[in-house]
Amino acid sequence: MKGRTPKTFAMLLLASALAITAGCSGNGEKTASEKPVDTGDTTTPITFTFFGADASPNWNNMKDAVGQEITKATGVTLEAEFDVNNGGDQKIPLMAASGDYPDIIYPKGNLSKLVDAGAMLDLTDLIEEHAPNLKKIYGDQMNRLKYSTEDQAIYTIPTNMGVGNVAFDATGGFEIQQKVLKELGYPEVKTLEDYENVLRTYYEKHPTIDGQPTIPLTLNADDWKIMITVTNPAFQATGAPDDGEYYIDPETYEAKLHYKRPEEKEYFRWLNKMYNEGLLDKDTFVQKDDQYKSKIASGRVLGLIDQEWNYGEAENALKSKNNGESTYAHFSVSLNKDIVDHTFQPTGFDGYGIGITTSAKDPVRIIKFMDWLASDEGQVLRNWGVENQHYKVENGKRIVPEDVQDRKTNDNSAFTKESGIGMYNIFSARYGDGVKDSTDNYYTTNFPEQIQAGYTAAEKETLKAYGITTWKDFFPSEEDLKLKDWGAAYNMPVPSDTEYNVTFQKTQDIIRKRIPEAILAKPDQFDKLYDGLLAELDKAGAVEMEKQYTVWIKDRVSLWTGKDVK
């Protein structure tokens, strides 16, 4: 990977142990700075700017209950901006070009652009000197925070995943409305054929719902979300784990675009069949994100292939209606019964993270803010809310009262905006689901009993009919799947100023154009178009790109495990 440039190194000295005289260039850009001074102040009011590459539709400018408690404890208020649809892909390159950064940033997949621009502080010394809670949480996982084998700085602390996380529920997969399953007698849904038959049977019986045309299946192909509902399910349904745009050979660590797997071609052939038989929404590849959600909120979409975080806002509108009969059950669905779903294959600790930029005036105060959020007090507040308002303690156990749980289940958007519960996890490290604190309570509310309490009446009825307790019971357990040495490849930053990125973008443009074309084609044209896609990818340089990505994967495995995989 690309090492530090002299400019980057000078900026990184902001967080080192060296004391250098502060100065400015003629245009006001910092050229060097002193080591951040610890004033000991953690309560005087201060505002930090923040940019997050993911949307946060319920953000309430810290006026919610949890936000007010955080400000009371730390003195910190966040002036936050969240991207709506683009995952930072447009905003962050502009920042890198202009040098205009917020104090704190969650760059998601664009970290390398900021590192190469010299925008990110190395947090290593800040964590060592001022963040005992962060050190405690990450423990022996600190190696996984390092940027690369060549540049072992810590530019972000992972926050989109909790340490020690155990998934107790499935929130993605192939979804079907509860009312559909109930009317059809809760049929077996394990293969694409099963899934298709359920949607077709109900659609034929109910061509309209509430006076509007029934939509058997719709997908969200708006911008980058085409990966979530159109292309990612191709590897899920064919037994591969989620490594973004790649399939990584678990034995050799060789990477290739996952579209090249022959079984995935058959998945897209199935989507082509669904479209030509009128079961896939004809507007799938032209509708916008808000139109997709609006259709779901109408209750007339029978099936989805998506993740709850992508459609949850629309589903929340359905939860209070008819006991949630139009909400969605989550199934593990594969091309055939011989394929093992790898959705829950363990990755070890890995994740996108939050960092401090060189524009920050008080990085010590920021790291102390993050450290307070990572304390037991901060984690309980972020996950459970305010004691005696959102939960109570009975016989040493944290309990969510029924009236609060009812609002969390049936009025979730409004409740989240008022309470702030779950909205601040992005801002610091945390333990994951299944981890208990010193009081023998779970840090999070995502444990089996609480998850089950949070289901709608219709969900509970469906689960009971299938003889299971959570949606995850439909999926193969992580205990039966091998740990991935490289984590989740989609989290791995790559240098932003190499030929790789140019080629990768070319392949993405081809995929996002040709996959829809193949799905919308006449059946007898599908093979020609799909084979043409593969040839076009190689012509654009995919083979060399894959070789380079393989090198980076092997580097990560070496950095994280100490294995010599060269």
# chains A, B, ... in the order shown; residues from 1 in each chain; ligands from 1
>>> residues_around(residues="Ala170 (chain A)", least_positions_apart="5", cutoff="9 Å", atoms="only C-alpha atoms", output="PyMOL selection string")
chain A and resi 330-331+344+470-475
>>> residues_around(residues="Asp497 (chain A)", least_positions_apart="5", cutoff="9 Å", atoms="only C-alpha atoms", output="ChimeraX atom specification")
/A:2,112-113,116,502
>>> write_last_selection(atoms="N, CA, C and O atoms", output="short mmCIF file (atom, residue, chain, number, x, y, z; two decimals), in the first residue's frame")
data_model
loop_
_atom_site.label_atom_id
_atom_site.label_comp_id
_atom_site.auth_asym_id
_atom_site.auth_seq_id
_atom_site.Cartn_x
_atom_site.Cartn_y
_atom_site.Cartn_z
N LYS A 2 0.26 2.35 -0.33
CA LYS A 2 0.98 3.60 -0.39
C LYS A 2 1.38 4.03 1.02
O LYS A 2 0.58 4.07 1.92
N SER A 112 -9.55 5.86 2.62
CA SER A 112 -8.26 5.99 1.94
C SER A 112 -8.11 7.34 1.25
O SER A 112 -6.99 7.89 1.18
N LYS A 113 -9.19 7.90 0.76
CA LYS A 113 -9.11 9.22 0.12
C LYS A 113 -8.66 10.27 1.12
O LYS A 113 -7.87 11.17 0.79
N ASP A 116 -4.85 9.57 2.17
CA ASP A 116 -3.92 10.01 1.13
C ASP A 116 -3.86 11.53 1.03
O ASP A 116 -2.86 12.09 0.57
N VAL A 502 -9.30 3.40 -10.60
CA VAL A 502 -9.84 3.74 -11.91
C VAL A 502 -10.49 2.51 -12.54
O VAL A 502 -11.62 2.57 -13.05
#
>>> residues_around(residues="Trp59 (chain A)", least_positions_apart="4", cutoff="8 Å", atoms="only C-alpha atoms", output="PDB file with N, CA, C and O atoms, in the first residue's frame")
ATOM      1  N   LYS A 417     -36.503   9.160  17.534  1.00  0.00           N
ATOM      2  CA  LYS A 417     -36.199  10.590  17.439  1.00  0.00           C
ATOM      3  C   LYS A 417     -36.310  11.275  18.795  1.00  0.00           C
ATOM      4  O   LYS A 417     -35.529  12.171  19.122  1.00  0.00           O
ATOM      5  N   GLY A 420     -33.486   8.889  21.253  1.00  0.00           N
ATOM      6  CA  GLY A 420     -32.088   8.835  20.831  1.00  0.00           C
ATOM      7  C   GLY A 420     -31.447   7.475  21.027  1.00  0.00           C
ATOM      8  O   GLY A 420     -30.261   7.290  20.746  1.00  0.00           O
ATOM      9  N   MET A 423     -28.939   5.706  18.430  1.00  0.00           N
ATOM     10  CA  MET A 423     -28.476   6.661  17.425  1.00  0.00           C
ATOM     11  C   MET A 423     -27.032   7.111  17.623  1.00  0.00           C
ATOM     12  O   MET A 423     -26.447   7.732  16.735  1.00  0.00           O
TER      13      MET A 423
END
>>> select_by_dssp(residues="region 93-244 of chain A", states="helix (DSSP H, G or I)", output="PyMOL selection string")
chain A and resi 93-98+108-116+124-130+132-145+178-183+192-205+223-236
>>> residues_around(residues="region 354-364 of chain A", least_positions_apart="6", cutoff="6 Å", atoms="only C-alpha atoms", output="PyMOL selection string")
chain A and resi 103-106+119-121+155-157
>>> closest_residue(among="A:Leu302, A:Leu192, A:Val565, A:Ala518", to="Pro213 (chain A)", atoms="only C-alpha atoms")
A:Leu302
>>> select_by_dssp(residues="region 70-169 of chain A", states="strand (DSSP E)", output="list in words")
Val76, Thr77, Leu78, Glu79, Ala80, Glu81, Phe82, Ile104, Ile105, Tyr106, Ile157 and Pro158 of chain A
>>> residues_around(residues="region 283-292 of chain A", least_positions_apart="3", cutoff="7 Å", atoms="only C-alpha atoms", output="MDAnalysis selection string")
chainID A and resid 218:222 295:296 516
>>> closest_residue(among="A:Met62, A:Leu271, A:Ala53, A:Ala131", to="Gly87 (chain A)", atoms="only C-alpha atoms")
A:Ala53
>>> residues_around(residues="Asp406 (chain A)", least_positions_apart="3", cutoff="10 Å", atoms="only C-alpha atoms", output="list in words")
Ser320, Val400, Pro401, Glu402, Asp403, Thr409, Asn410, Asp411, Asn412, Phe415, Ala453, Gly454, Tyr455 and Thr456 of chain A
>>> residues_around(residues="Ala314 (chain A)", least_positions_apart="2", cutoff="7 Å", atoms="only C-alpha atoms", output="MDAnalysis selection string")
chainID A and resid 293:294 296:297 311:312 316:317
>>> write_last_selection(atoms="N, CA and C atoms", output="tab-separated table (two decimals), in the first residue's frame")
chain	number	residue	atom	x	y	z
A	293	LYS	N	-39.46	2.97	-0.93
A	293	LYS	CA	-39.98	2.94	0.44
A	293	LYS	C	-41.47	3.25	0.49
A	294	SER	N	-41.91	4.13	-0.37
A	294	SER	CA	-43.33	4.48	-0.41
A	294	SER	C	-44.18	3.28	-0.78
A	296	ILE	N	-43.41	0.14	-0.24
A	296	ILE	CA	-43.41	-0.77	0.91
A	296	ILE	C	-44.39	-0.28	1.96
A	297	ALA	N	-44.36	1.01	2.23
A	297	ALA	CA	-45.25	1.58	3.25
A	297	ALA	C	-46.72	1.45	2.89
A	311	TYR	N	-34.90	-0.68	4.58
A	311	TYR	CA	-36.33	-0.45	4.38
A	311	TYR	C	-37.10	-0.28	5.70
A	312	GLY	N	-36.38	-0.30	6.83
A	312	GLY	CA	-37.04	-0.25	8.14
A	312	GLY	C	-37.93	0.95	8.34
A	316	ASN	N	-41.73	0.50	9.45
A	316	ASN	CA	-42.25	1.06	10.70
A	316	ASN	C	-43.65	1.65	10.51
A	317	ALA	N	-43.90	2.15	9.29
A	317	ALA	CA	-45.23	2.71	9.00
A	317	ALA	C	-46.30	1.63	8.98
>>> atom_distance(atom1="CA of Ala465 (chain A)", atom2="CA of Val189 (chain A)")
13.2 Å
>>> atom_distance(atom1="CA of Gln389 (chain A)", atom2="CA of Thr327 (chain A)")
28.0 Å
>>> closest_residue(among="A:Ile515, A:Ala457, A:Ala153, A:Leu280", to="Thr214 (chain A)", atoms="only C-alpha atoms")
A:Leu280
>>> atom_distance(atom1="CA of Ser98 (chain A)", atom2="CA of Ser428 (chain A)")
26.8 Å
>>> closest_residue(among="A:Asp64, A:Glu245, A:Glu196, A:Asp338", to="Gln508 (chain A)", atoms="only C-alpha atoms")
A:Glu245
